[in-house]
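Right, one structure below, let's go through it.
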Amino acid sequence: MSRSRGRGTDFEHHFEGAEALDGLLELAGSPCDTSEVIVRMRTARAEGQPHAAVIPTLFPKEPRFASPEVAQRLFENLLGLWDLVAEGKPIRTEEEPRPPRPKKPKPVRPPPFAPGEPGSEFVELAWRYLEDDPKERTRREHSFDNRQDALLGELDGMGLTDEGYAAARHLLFELHAMLELGWPPGLASVDPAVLTREDTEAPPVPQPLTAYADEALFEAEQDEEHPLAAEELARVRTLVRRGLAALWKARKGS
């Protein structure tokens, strides 16, 4: 789920130094530091490439920003550094006084929705929390692997392509993790029968969870590199719908 962010109007190219840029790159999810960026920029200049061909390569995924101000500051620094490289000027990687290294904000855990149902705000907060806290995400992945054998077994037996399998597993994990976050008593293992047939007695799944799943499947269908074929997408959608219903039904004490 991508989010577009604007930035301020007073935009200027300004390199603040290696420490500031290193921190901004880390916040945005880049594995590069200033030294690596300089090497890439100098190589691009030698090959006659513009800055637009270099900057996207600094991020293995779409960069994430805590605020529009942080995004603006990062790109101001990158373009300021590009100007220095283009002009062949010496680049000081240590400056006095040093600007403060931006602090990575602590991920905000969403409050439980129990004993009610999750709303759209909870789903958004839960998605961001799992995205921004790798340790929490890993812990929830272990919980998913250890508890949902039936769900994973059904997925393993579908004979999906690598792309279809990855899309279904990733989405089912996220839905499981969201429910665990919002339902303190936790989840039991799902009922295997619910995965192979419609369960007319199962409680209806809250619309925000269904909407999240639908959007994720739409993105899988529209993926530029490996879009899911219509037939496989229909099979994945059926499993995800029944898997979500089974997970919702598996809430302990509900």
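Chain identifiers are assigned as A, B, and so on, following the order in which chains appear in the structure tokens; residues are numbered from 1 within each chain, and ligands are numbered from 1 in order of appearance.
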
Contacts of region 238-242 of chain A at 7 Å (only C-alpha atoms; same-chain gap of 4+ positions) as a list in words = Ala168, Leu172, Val194, Leu195, Ala234 and Ala246 of chain A

Okay, now the selection with N, CA and C atoms, as an mmCIF file, in the first residue's frame?
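out_33.cif, written as the output of this step:
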data_model
loop_
_atom_site.group_PDB
_atom_site.id
_atom_site.type_symbol
_atom_site.label_atom_id
_atom_site.label_comp_id
_atom_site.auth_asym_id
_atom_site.auth_seq_id
_atom_site.Cartn_x
_atom_site.Cartn_y
_atom_site.Cartn_z
ATOM 1 N N ALA A 168 -0.177 -14.633 -1.875
ATOM 2 C CA ALA A 168 -1.168 -15.176 -0.951
ATOM 3 C C ALA A 168 -0.599 -15.316 0.456
ATOM 4 N N LEU A 172 -1.970 -13.257 3.761
ATOM 5 C CA LEU A 172 -2.541 -14.002 4.880
ATOM 6 C C LEU A 172 -1.764 -13.752 6.162
ATOM 7 N N VAL A 194 -13.215 -24.558 7.045
ATOM 8 C CA VAL A 194 -13.611 -23.244 6.536
ATOM 9 C C VAL A 194 -12.820 -22.892 5.277
ATOM 10 N N LEU A 195 -11.657 -23.522 5.108
ATOM 11 C CA LEU A 195 -10.808 -23.196 3.966
ATOM 12 C C LEU A 195 -11.246 -23.898 2.689
ATOM 13 N N ALA A 234 -7.959 -15.583 -9.279
ATOM 14 C CA ALA A 234 -9.255 -16.014 -8.758
ATOM 15 C C ALA A 234 -9.069 -17.080 -7.678
ATOM 16 N N ALA A 246 -11.731 -17.521 8.234
ATOM 17 C CA ALA A 246 -11.299 -18.510 9.239
ATOM 18 C C ALA A 246 -10.491 -17.846 10.344
#

request  = Extract the full set of alpha helix (DSSP H) residues from region 106-241 of chain A according to DSSP on the backbone, and format it as a PyMOL selection string.
outcome  = chain A and resi 120-132+134-147+149-156+162-182+192-196+207-221+230-241

Could you write those residues out with C-alpha atoms, as an mmCIF file, in the first residue's frame?
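Just written: part10.cif:
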data_model
loop_
_atom_site.group_PDB
_atom_site.id
_atom_site.type_symbol
_atom_site.label_atom_id
_atom_site.label_comp_id
_atom_site.auth_asym_id
_atom_site.auth_seq_id
_atom_site.Cartn_x
_atom_site.Cartn_y
_atom_site.Cartn_z
ATOM 1 C CA SER A 120 -10.059 1.630 8.733
ATOM 2 C CA GLU A 121 -7.842 3.648 11.088
ATOM 3 C CA PHE A 122 -6.758 0.504 12.939
ATOM 4 C CA VAL A 123 -5.938 -1.313 9.690
ATOM 5 C CA GLU A 124 -3.822 1.623 8.501
ATOM 6 C CA LEU A 125 -1.960 1.883 11.817
ATOM 7 C CA ALA A 126 -1.400 -1.876 11.984
ATOM 8 C CA TRP A 127 -0.044 -2.012 8.439
ATOM 9 C CA ARG A 128 2.372 0.834 9.136
ATOM 10 C CA TYR A 129 3.443 -0.669 12.463
ATOM 11 C CA LEU A 130 4.325 -3.990 10.846
ATOM 12 C CA GLU A 131 6.130 -2.176 8.023
ATOM 13 C CA ASP A 132 8.192 0.044 10.330
ATOM 14 C CA PRO A 134 11.173 -5.349 11.610
ATOM 15 C CA LYS A 135 11.565 -7.077 14.984
ATOM 16 C CA GLU A 136 7.827 -7.064 15.636
ATOM 17 C CA ARG A 137 7.174 -8.267 12.107
ATOM 18 C CA THR A 138 9.590 -11.168 12.535
ATOM 19 C CA ARG A 139 7.966 -12.124 15.831
ATOM 20 C CA ARG A 140 4.535 -12.143 14.205
ATOM 21 C CA GLU A 141 5.852 -14.201 11.287
ATOM 22 C CA HIS A 142 7.033 -16.878 13.721
ATOM 23 C CA SER A 143 3.613 -16.870 15.354
ATOM 24 C CA PHE A 144 1.926 -17.270 11.971
ATOM 25 C CA ASP A 145 4.219 -20.137 10.947
ATOM 26 C CA ASN A 146 3.797 -21.980 14.259
ATOM 27 C CA ARG A 147 0.042 -21.575 14.638
ATOM 28 C CA ASP A 149 -0.469 -25.122 9.856
ATOM 29 C CA ALA A 150 -3.841 -25.750 8.253
ATOM 30 C CA LEU A 151 -3.796 -22.462 6.408
ATOM 31 C CA LEU A 152 -0.236 -22.940 5.201
ATOM 32 C CA GLY A 153 -0.940 -26.547 4.251
ATOM 33 C CA GLU A 154 -3.894 -25.496 2.115
ATOM 34 C CA LEU A 155 -1.713 -22.866 0.445
ATOM 35 C CA ASP A 156 1.118 -25.356 -0.176
ATOM 36 C CA ASP A 162 6.034 -18.554 -7.088
ATOM 37 C CA GLU A 163 4.411 -15.138 -7.541
ATOM 38 C CA GLY A 164 0.935 -16.385 -6.643
ATOM 39 C CA TYR A 165 2.208 -18.275 -3.606
ATOM 40 C CA ALA A 166 4.205 -15.284 -2.364
ATOM 41 C CA ALA A 167 1.282 -12.892 -2.776
ATOM 42 C CA ALA A 168 -1.168 -15.176 -0.951
ATOM 43 C CA ARG A 169 1.209 -16.046 1.890
ATOM 44 C CA HIS A 170 2.262 -12.450 2.453
ATOM 45 C CA LEU A 171 -1.323 -11.211 2.592
ATOM 46 C CA LEU A 172 -2.541 -14.002 4.880
ATOM 47 C CA PHE A 173 0.370 -13.331 7.225
ATOM 48 C CA GLU A 174 -0.451 -9.612 7.358
ATOM 49 C CA LEU A 175 -4.109 -10.300 8.133
ATOM 50 C CA HIS A 176 -3.121 -12.776 10.854
ATOM 51 C CA ALA A 177 -0.682 -10.265 12.364
ATOM 52 C CA MET A 178 -3.251 -7.451 12.310
ATOM 53 C CA LEU A 179 -5.767 -9.584 14.160
ATOM 54 C CA GLU A 180 -3.183 -10.621 16.734
ATOM 55 C CA LEU A 181 -2.252 -6.981 17.300
ATOM 56 C CA GLY A 182 -5.834 -5.914 17.827
ATOM 57 C CA PRO A 192 -9.482 -26.436 8.063
ATOM 58 C CA ALA A 193 -13.086 -26.975 6.966
ATOM 59 C CA VAL A 194 -13.611 -23.244 6.536
ATOM 60 C CA LEU A 195 -10.808 -23.196 3.966
ATOM 61 C CA THR A 196 -12.468 -25.682 1.616
ATOM 62 C CA GLN A 207 -15.258 -4.481 5.894
ATOM 63 C CA PRO A 208 -11.902 -2.686 6.523
ATOM 64 C CA LEU A 209 -10.086 -6.044 6.582
ATOM 65 C CA THR A 210 -11.841 -7.155 3.403
ATOM 66 C CA ALA A 211 -11.009 -3.853 1.728
ATOM 67 C CA TYR A 212 -7.335 -4.210 2.679
ATOM 68 C CA ALA A 213 -7.211 -7.705 1.184
ATOM 69 C CA ASP A 214 -8.970 -6.561 -1.995
ATOM 70 C CA GLU A 215 -6.534 -3.695 -2.483
ATOM 71 C CA ALA A 216 -3.521 -5.967 -1.986
ATOM 72 C CA LEU A 217 -4.863 -8.436 -4.559
ATOM 73 C CA PHE A 218 -5.535 -5.622 -7.009
ATOM 74 C CA GLU A 219 -1.906 -4.515 -6.644
ATOM 75 C CA ALA A 220 -0.770 -8.108 -7.276
ATOM 76 C CA GLU A 221 -2.878 -8.194 -10.432
ATOM 77 C CA ALA A 230 -6.714 -13.985 -14.015
ATOM 78 C CA GLU A 231 -7.211 -17.705 -13.328
ATOM 79 C CA GLU A 232 -4.561 -17.831 -10.611
ATOM 80 C CA LEU A 233 -5.749 -14.549 -9.108
ATOM 81 C CA ALA A 234 -9.255 -16.014 -8.758
ATOM 82 C CA ARG A 235 -7.859 -19.017 -6.855
ATOM 83 C CA VAL A 236 -5.748 -16.804 -4.615
ATOM 84 C CA ARG A 237 -8.719 -14.522 -3.951
ATOM 85 C CA THR A 238 -10.873 -17.494 -2.897
ATOM 86 C CA LEU A 239 -8.220 -18.762 -0.483
ATOM 87 C CA VAL A 240 -7.601 -15.306 0.982
ATOM 88 C CA ARG A 241 -11.327 -14.679 1.454
#

key: Spatial neighbours of region 9-19 of chain A, 6 Å, only C-alpha atoms, chain gap at least 6 places, as a PyMOL selection string   = chain A and resi 34+76-77+79-81+93

request  = Have a look at A:Leu247, A:Pro204, A:Ala28, A:Met41 and name the one nearest to Gln72 (chain A); count only C-alpha atoms.
outcome  = A:Ala28

ask   = Using only C-alpha atoms, which residues sit within 9 Å of Leu25 (chain A) once same-chain residues fewer than 4 positions away are excluded, as a list of chain:residue names?
value = A:Ala20, A:Leu21, A:Gly29, A:Ser30, A:Pro31, A:Cys32, A:Asp33, A:Thr34, A:Leu58, A:Phe59, A:Pro63, A:Leu74
